[in-house]
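Novice: Supplied structure: final_29.cif, mmCIF, C-alpha atoms.
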```cif
data_entry
#
loop_
_atom_site.label_atom_id
_atom_site.label_comp_id
_atom_site.auth_asym_id
_atom_site.auth_seq_id
_atom_site.Cartn_x
_atom_site.Cartn_y
_atom_site.Cartn_z
CA MET A 1408 -7.76 12.14 3.74
CA VAL A 1409 -9.05 8.74 2.62
CA GLY A 1410 -6.51 6.37 1.12
CA VAL A 1411 -6.89 2.92 -0.36
CA GLY A 1412 -4.42 0.10 -0.88
CA GLY A 1413 -4.42 -3.23 -2.62
CA VAL A 1414 -2.47 -6.34 -1.70
CA VAL A 1415 -2.03 -8.63 -4.69
CA ILE A 1416 -1.01 -12.16 -3.73
CA ASP A 1417 0.12 -14.31 -6.65
CA ASN A 1418 1.94 -17.67 -6.45
CA GLY A 1419 2.59 -17.16 -2.74
CA ARG A 1420 4.10 -13.70 -3.22
CA ALA A 1421 2.82 -10.18 -2.49
CA LEU A 1422 3.42 -7.25 -4.81
CA LEU A 1423 5.25 -4.33 -3.16
CA ILE A 1424 6.17 -0.89 -4.45
CA ARG A 1425 8.99 1.48 -3.58
CA ARG A 1426 7.36 4.90 -3.23
CA GLY A 1427 8.55 7.64 -5.56
CA GLY A 1428 7.17 10.62 -3.62
CA PRO A 1429 6.18 11.81 -0.17
CA PRO A 1430 5.10 10.66 2.25
CA MET A 1431 7.41 7.65 2.66
CA LYS A 1432 9.51 8.44 -0.42
CA ASP A 1433 11.94 5.60 -1.26
CA GLU A 1434 10.31 3.21 1.23
CA TRP A 1435 8.72 -0.13 0.34
CA SER A 1436 4.97 -0.27 0.81
CA ILE A 1437 1.63 -1.65 -0.29
CA PRO A 1438 0.44 -0.16 -3.61
CA GLY A 1439 -2.25 2.48 -3.18
CA GLY A 1440 -3.08 6.13 -2.90
CA MET A 1441 -5.78 8.70 -2.41
CA LEU A 1442 -9.45 8.11 -3.13
CA GLU A 1443 -10.81 10.57 -5.70
CA LEU A 1444 -14.05 12.51 -5.23
CA GLY A 1445 -17.06 10.44 -6.34
CA GLU A 1446 -15.06 7.22 -6.61
CA THR A 1447 -16.10 4.12 -4.68
CA LEU A 1448 -13.52 2.41 -2.48
CA THR A 1449 -13.14 -0.55 -4.84
CA GLN A 1450 -12.91 1.72 -7.89
CA GLY A 1451 -10.15 3.64 -6.13
CA VAL A 1452 -8.21 0.46 -5.31
CA ALA A 1453 -8.46 -0.77 -8.92
CA ARG A 1454 -7.39 2.63 -10.31
CA GLU A 1455 -4.45 3.00 -7.93
CA LEU A 1456 -3.18 -0.52 -8.68
CA ALA A 1457 -3.44 0.13 -12.42
CA GLU A 1458 -1.61 3.47 -12.10
CA GLU A 1459 1.17 2.22 -9.83
CA THR A 1460 1.68 -1.36 -11.07
CA GLY A 1461 0.05 -1.65 -14.50
CA LEU A 1462 -2.13 -4.51 -13.23
CA GLU A 1463 -5.87 -4.85 -13.63
CA VAL A 1464 -7.23 -6.32 -10.43
CA ASN A 1465 -10.36 -7.81 -8.98
CA VAL A 1466 -10.87 -6.24 -5.54
CA LEU A 1467 -11.89 -8.98 -3.10
CA ASP A 1468 -12.12 -8.46 0.66
CA ILE A 1469 -11.14 -5.72 3.06
CA ILE A 1470 -8.05 -6.62 5.09
CA GLU A 1471 -7.88 -3.74 7.54
CA VAL A 1472 -8.67 -0.07 8.12
CA LEU A 1473 -5.88 1.95 9.68
CA GLU A 1474 -4.97 5.51 10.48
CA ARG A 1475 -1.60 7.15 9.75
CA ILE A 1476 -0.77 10.57 11.17
CA PHE A 1477 2.46 12.20 10.02
CA PRO A 1478 3.69 15.04 12.25
CA ALA A 1479 4.57 18.41 10.80
CA PRO A 1480 8.17 18.51 9.56
CA PRO A 1481 10.83 20.32 11.58
CA GLY A 1482 11.54 23.94 10.78
CA ALA A 1483 14.54 24.99 8.68
CA ASP A 1484 16.31 25.91 11.92
CA GLY A 1485 15.83 22.39 13.33
CA THR A 1486 12.95 23.24 15.69
CA PRO A 1487 10.38 20.44 15.92
CA GLY A 1488 7.21 20.63 13.89
CA ASP A 1489 3.96 21.62 15.57
CA ALA A 1490 2.43 18.36 16.89
CA ALA A 1491 -1.01 19.99 16.93
CA ARG A 1492 -0.83 20.52 13.16
CA PRO A 1493 0.04 17.22 11.44
CA GLN A 1494 1.34 17.33 7.90
CA TYR A 1495 -0.78 14.33 6.85
CA HIS A 1496 -3.67 12.41 8.43
CA PHE A 1497 -4.76 9.40 6.40
CA VAL A 1498 -7.50 6.84 6.98
CA ILE A 1499 -6.45 3.91 4.79
CA LEU A 1500 -8.54 0.93 3.72
CA ASP A 1501 -6.46 -1.99 2.45
CA TYR A 1502 -8.04 -4.72 0.33
CA LEU A 1503 -7.01 -8.16 -0.85
CA CYS A 1504 -6.88 -8.22 -4.66
CA GLU A 1505 -6.24 -10.72 -7.42
CA ALA A 1506 -4.52 -9.84 -10.68
CA GLN A 1507 -6.80 -10.12 -13.72
CA GLY A 1508 -4.54 -8.78 -16.46
CA GLY A 1509 -2.45 -5.82 -17.46
CA THR A 1510 1.31 -5.49 -17.86
CA LEU A 1511 3.41 -5.26 -14.71
CA ARG A 1512 5.41 -2.01 -14.63
CA ALA A 1513 6.29 0.68 -12.11
CA GLY A 1514 4.22 3.79 -12.80
CA SER A 1515 2.72 6.85 -11.17
CA ASP A 1516 4.10 7.11 -7.61
CA ALA A 1517 5.90 3.73 -7.73
CA ARG A 1518 9.62 3.92 -8.38
CA GLU A 1519 10.17 0.16 -8.29
CA LEU A 1520 8.19 -3.09 -7.92
CA ALA A 1521 9.06 -6.34 -6.16
CA TRP A 1522 7.38 -9.64 -5.38
CA ALA A 1523 7.96 -10.94 -1.84
CA ARG A 1524 7.13 -14.20 -0.12
CA GLU A 1525 5.87 -13.93 3.44
CA ASP A 1526 9.24 -15.04 4.80
CA GLU A 1527 10.98 -12.27 2.80
CA LEU A 1528 9.01 -9.29 4.16
CA ALA A 1529 11.66 -8.30 6.73
CA LYS A 1530 14.25 -7.50 4.06
CA PHE A 1531 11.99 -4.74 2.68
CA ASP A 1532 12.02 -2.77 5.96
CA LEU A 1533 8.24 -2.25 5.83
CA THR A 1534 6.33 -0.38 8.51
CA VAL A 1535 4.83 -2.42 11.34
CA ALA A 1536 1.35 -1.71 9.96
CA ALA A 1537 2.24 -2.76 6.39
CA THR A 1538 3.84 -5.98 7.66
CA ARG A 1539 0.75 -6.78 9.75
CA ILE A 1540 -1.57 -6.14 6.79
CA LEU A 1541 0.55 -8.24 4.44
CA ARG A 1542 0.59 -11.15 6.91
CA LYS A 1543 -3.22 -10.93 7.18
CA ALA A 1544 -3.44 -10.87 3.38
CA PHE A 1545 -1.29 -14.01 3.09
CA ALA A 1546 -3.55 -15.77 5.62
CA MET A 1547 -6.69 -14.64 3.76
CA ALA A 1548 -5.26 -15.84 0.44
CA ARG A 1549 -4.39 -19.25 1.94
CA ALA A 1550 -7.93 -19.55 3.37
CA LYS A 1551 -9.44 -18.80 -0.08
CA ARG A 1552 -7.52 -21.68 -1.69
#
```
Reformat the file's structure so that it appears as structure tokens.
Specialist:
Amino acid sequence: MVGVGGVVIDNGRALLIRRGGPPMKDEWSIPGGMLELGETLTQGVARELAEETGLEVNVLDIIEVLERIFPAPPGADGTPGDAARPQYHFVILDYLCEAQGGTLRAGSDARELAWAREDELAKFDLTVAATRILRKAFAMARAKR
């Protein structure tokens, strides 16, 4: 499955969401979701950011392409899931974005929103990949200034 994400950096802070559904329910992450059939990558990023955060964004540059494979869940009896049959396999393209308008609000799959400076990322208990992508996004945003 192809996923897209958008990192909005504004006033030295990145916009994060707390996911409202699986996978990664209740975890902090980069806003984004699944690409829809016939949608370009940048259209998908803009749509997902609007749905999850209420922001209209200008999609700038690609930050990174990554792959996330979630193993099958354990059985009801506690037996491990079948490693040969993952529950999810995502290829995710994350982009640097700039806010162009809209009204900030948690929507769609986002339960909560937060702005975080680069030195505050650790308190959100982000995945290693999300932290790496956010640090790259901060560096890209600094270079654009």
Novice: For Ala1521 (chain A), list every protein, DNA or RNA residue within 8 Å, evaluated using all atoms listed in the file, and leave out those in the same chain fewer than 2 positions away; present the list as a PyMOL selection string.
Specialist: chain A and resi 1422-1424+1519+1523
Novice: Could you make a table, as a Markdown table, of the residues of region 1437-1529 of chain A that have an atom within 10 Å of an atom of region 1544-1552 of chain A, each with its nearest atom pair and distance in Å to one decimal, counting all atoms listed in the file, in chain and number order?
Specialist:
```
| residue | atom | partner | partner_atom | distance |
| --- | --- | --- | --- | --- |
| A:Asp1468 | CA | A:Met1547 | CA | 8.8 |
| A:Ile1469 | CA | A:Ala1544 | CA | 9.3 |
| A:Ile1470 | CA | A:Ala1544 | CA | 6.5 |
| A:Glu1471 | CA | A:Ala1544 | CA | 9.4 |
| A:Asp1501 | CA | A:Ala1544 | CA | 9.4 |
| A:Tyr1502 | CA | A:Ala1544 | CA | 8.3 |
| A:Leu1503 | CA | A:Ala1544 | CA | 6.2 |
| A:Cys1504 | CA | A:Ala1544 | CA | 9.1 |
| A:Glu1505 | CA | A:Ala1548 | CA | 9.4 |
| A:Arg1524 | CA | A:Phe1545 | CA | 9.0 |
| A:Glu1525 | CA | A:Phe1545 | CA | 7.2 |
```
Novice: Next, the residues of the selection above should be written as a short mmCIF file (atom, residue, chain, number, x, y, z; two decimals), in the frame of the given file with C-alpha atoms.
Specialist:
```cif
data_model
loop_
_atom_site.label_atom_id
_atom_site.label_comp_id
_atom_site.auth_asym_id
_atom_site.auth_seq_id
_atom_site.Cartn_x
_atom_site.Cartn_y
_atom_site.Cartn_z
CA ASP A 1468 -12.12 -8.46 0.66
CA ILE A 1469 -11.14 -5.72 3.06
CA ILE A 1470 -8.05 -6.62 5.09
CA GLU A 1471 -7.88 -3.74 7.54
CA ASP A 1501 -6.46 -1.99 2.45
CA TYR A 1502 -8.04 -4.72 0.33
CA LEU A 1503 -7.01 -8.16 -0.85
CA CYS A 1504 -6.88 -8.22 -4.66
CA GLU A 1505 -6.24 -10.72 -7.42
CA ARG A 1524 7.13 -14.20 -0.12
CA GLU A 1525 5.87 -13.93 3.44
#
```
Novice: What gap, in Å, lies between CA of Ala1513 (chain A) and CA of Val1414 (chain A)?
Specialist: 15.3 Å
Novice: Which of these residues is nearest to Glu1458 (chain A), using all atoms listed in the file: A:Ala1483, A:Val1535, A:Met1441, A:Val1472?
Specialist: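 For Glu1458 (chain A), the nearest of the candidates is A:Met1441.
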Novice: Determine the residue set returned by the PyMOL selection byres ((chain A and resi 1463-1466) around 6) for the present structure, and present it as JSON, numbers by chain.
Specialist: {"A": [1453, 1457, 1462, 1467, 1504, 1505, 1506, 1507, 1508, 1509]}
Novice: Considering all atoms listed in the file, can you say which of A:Asp1433, A:Val1409, A:Ala1517, A:Asn1418 comes closest to Leu1533 (chain A)?
Specialist: A:Asp1433
Novice: Which residue is closest to Ile1437 (chain A)? Choose from A:Pro1481, A:Gly1488, A:Gly1413, A:Gly1451 and count only C-alpha atoms.
Specialist: A:Gly1413
Novice: Can you tell me which residues surround Gly1461 (chain A) at a distance of at most 10 Å, considering only C-alpha atoms, apart from same-chain residues fewer than 6 positions away, and format the answer as a ChimeraX atom specification?
Specialist: /A:1454-1455,1508-1515
Novice: Here is a test: counting only C-alpha atoms, which residue of A:Arg1475, A:Glu1443, A:Arg1518, A:Pro1430 is nearest to Val1498 (chain A)?
Specialist: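 Among A:Arg1475, A:Glu1443, A:Arg1518, A:Pro1430, it is A:Arg1475 that comes nearest to Val1498 (chain A).
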Novice: Give me the residues near Phe1477 (chain A) as a tab-separated table (two decimals) with C-alpha atoms, in the coordinates of the input, where near means some atom within 9 Å (using all atoms listed in the file) and where sequence neighbours in that chain fewer than 6 positions away do not count.
Specialist:
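Result went into part-v7.tsv, see below:
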```tsv
chain	number	residue	atom	x	y	z
A	1430	PRO	CA	5.10	10.66	2.25
A	1493	PRO	CA	0.04	17.22	11.44
A	1494	GLN	CA	1.34	17.33	7.90
A	1495	TYR	CA	-0.78	14.33	6.85
A	1496	HIS	CA	-3.67	12.41	8.43
A	1497	PHE	CA	-4.76	9.40	6.40
```
Novice: I need the residue nearest Trp1435 (chain A) from this list: A:Leu1520, A:Leu1456, A:Ala1491, A:Ala1479. Use all atoms listed in the file for the distance.
Specialist: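 Of A:Leu1520, A:Leu1456, A:Ala1491, A:Ala1479, the one nearest Trp1435 (chain A) is A:Leu1520, counting all atoms listed in the file.
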Novice: Distance CA of Leu1500 (chain A)-CA of Pro1438 (chain A), one decimal place?
Specialist: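 If I compute the distance from CA of Leu1500 (chain A) to CA of Pro1438 (chain A), I get 11.6 Å.
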Novice: Rounded to one decimal in Å, what is the spacing between CA of Gly1439 (chain A) and CA of Pro1480 (chain A)?
Specialist: 23.0 Å
Novice: Nearest to Pro1478 (chain A): which of A:Val1411, A:Ala1529, A:Ala1490, A:Ile1416 is it, counting all atoms listed in the file?
Specialist: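 With all atoms listed in the file as the atom set, the closest residue is A:Ala1490.
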Novice: Running the PyMOL selection byres ((chain A and resi 1537) around 10) on this model by hand, what would come out? Give it as a list in words.
Specialist: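 Here the PyMOL selection byres ((chain A and resi 1537) around 10) matches Trp1435, Ser1436, Ile1437, Leu1473, Asp1501, Leu1528, Asp1532, Leu1533, Thr1534, Val1535, Ala1536, Thr1538, Arg1539, Ile1540, Leu1541, Arg1542 and Lys1543 of chain A.
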Novice: For region 1426-1440 of chain A, where the input has fewer atoms than it should, I would like N, CA, C and O atoms rebuilt and written as a CSV table (one decimal), keeping the file's coordinate frame.
Specialist:
```csv
chain,number,residue,atom,x,y,z
A,1426,ARG,N,8.0,3.6,-3.0
A,1426,ARG,CA,7.4,4.9,-3.2
A,1426,ARG,C,8.3,5.9,-3.9
A,1426,ARG,O,9.5,6.0,-3.5
A,1427,GLY,N,7.8,6.6,-4.8
A,1427,GLY,CA,8.6,7.6,-5.6
A,1427,GLY,C,8.4,9.1,-5.0
A,1427,GLY,O,9.1,9.9,-5.4
A,1428,GLY,N,7.4,9.3,-4.1
A,1428,GLY,CA,7.2,10.6,-3.6
A,1428,GLY,C,6.7,10.6,-2.2
A,1428,GLY,O,6.5,9.5,-1.6
A,1429,PRO,N,6.6,11.7,-1.6
A,1429,PRO,CA,6.2,11.8,-0.2
A,1429,PRO,C,4.7,11.5,0.0
A,1429,PRO,O,3.9,11.6,-1.0
A,1430,PRO,N,4.2,11.0,1.1
A,1430,PRO,CA,5.1,10.7,2.2
A,1430,PRO,C,5.7,9.3,2.0
A,1430,PRO,O,5.3,8.6,1.1
A,1431,MET,N,6.7,8.9,2.7
A,1431,MET,CA,7.4,7.6,2.7
A,1431,MET,C,8.2,7.5,1.4
A,1431,MET,O,8.4,6.3,0.9
A,1432,LYS,N,8.7,8.5,0.8
A,1432,LYS,CA,9.5,8.4,-0.4
A,1432,LYS,C,10.7,7.5,-0.2
A,1432,LYS,O,11.3,7.4,0.8
A,1433,ASP,N,10.9,6.6,-1.2
A,1433,ASP,CA,11.9,5.6,-1.3
A,1433,ASP,C,11.7,4.4,-0.3
A,1433,ASP,O,12.6,3.5,-0.2
A,1434,GLU,N,10.6,4.3,0.4
A,1434,GLU,CA,10.3,3.2,1.2
A,1434,GLU,C,9.4,2.2,0.5
A,1434,GLU,O,8.6,2.6,-0.3
A,1435,TRP,N,9.6,0.9,0.9
A,1435,TRP,CA,8.7,-0.1,0.3
A,1435,TRP,C,7.4,-0.1,1.0
A,1435,TRP,O,7.3,0.2,2.2
A,1436,SER,N,6.3,-0.4,0.3
A,1436,SER,CA,5.0,-0.3,0.8
A,1436,SER,C,4.0,-1.1,0.0
A,1436,SER,O,4.4,-1.7,-1.0
A,1437,ILE,N,2.7,-1.1,0.4
A,1437,ILE,CA,1.6,-1.6,-0.3
A,1437,ILE,C,1.2,-0.6,-1.4
A,1437,ILE,O,1.0,0.5,-1.1
A,1438,PRO,N,0.9,-1.1,-2.6
A,1438,PRO,CA,0.4,-0.2,-3.6
A,1438,PRO,C,-0.9,0.5,-3.2
A,1438,PRO,O,-1.7,-0.2,-2.6
A,1439,GLY,N,-1.0,1.8,-3.5
A,1439,GLY,CA,-2.2,2.5,-3.2
A,1439,GLY,C,-2.1,4.0,-3.2
A,1439,GLY,O,-1.0,4.5,-3.5
A,1440,GLY,N,-3.1,4.7,-2.9
A,1440,GLY,CA,-3.1,6.1,-2.9
A,1440,GLY,C,-4.4,6.7,-2.5
A,1440,GLY,O,-5.2,6.1,-1.8
```
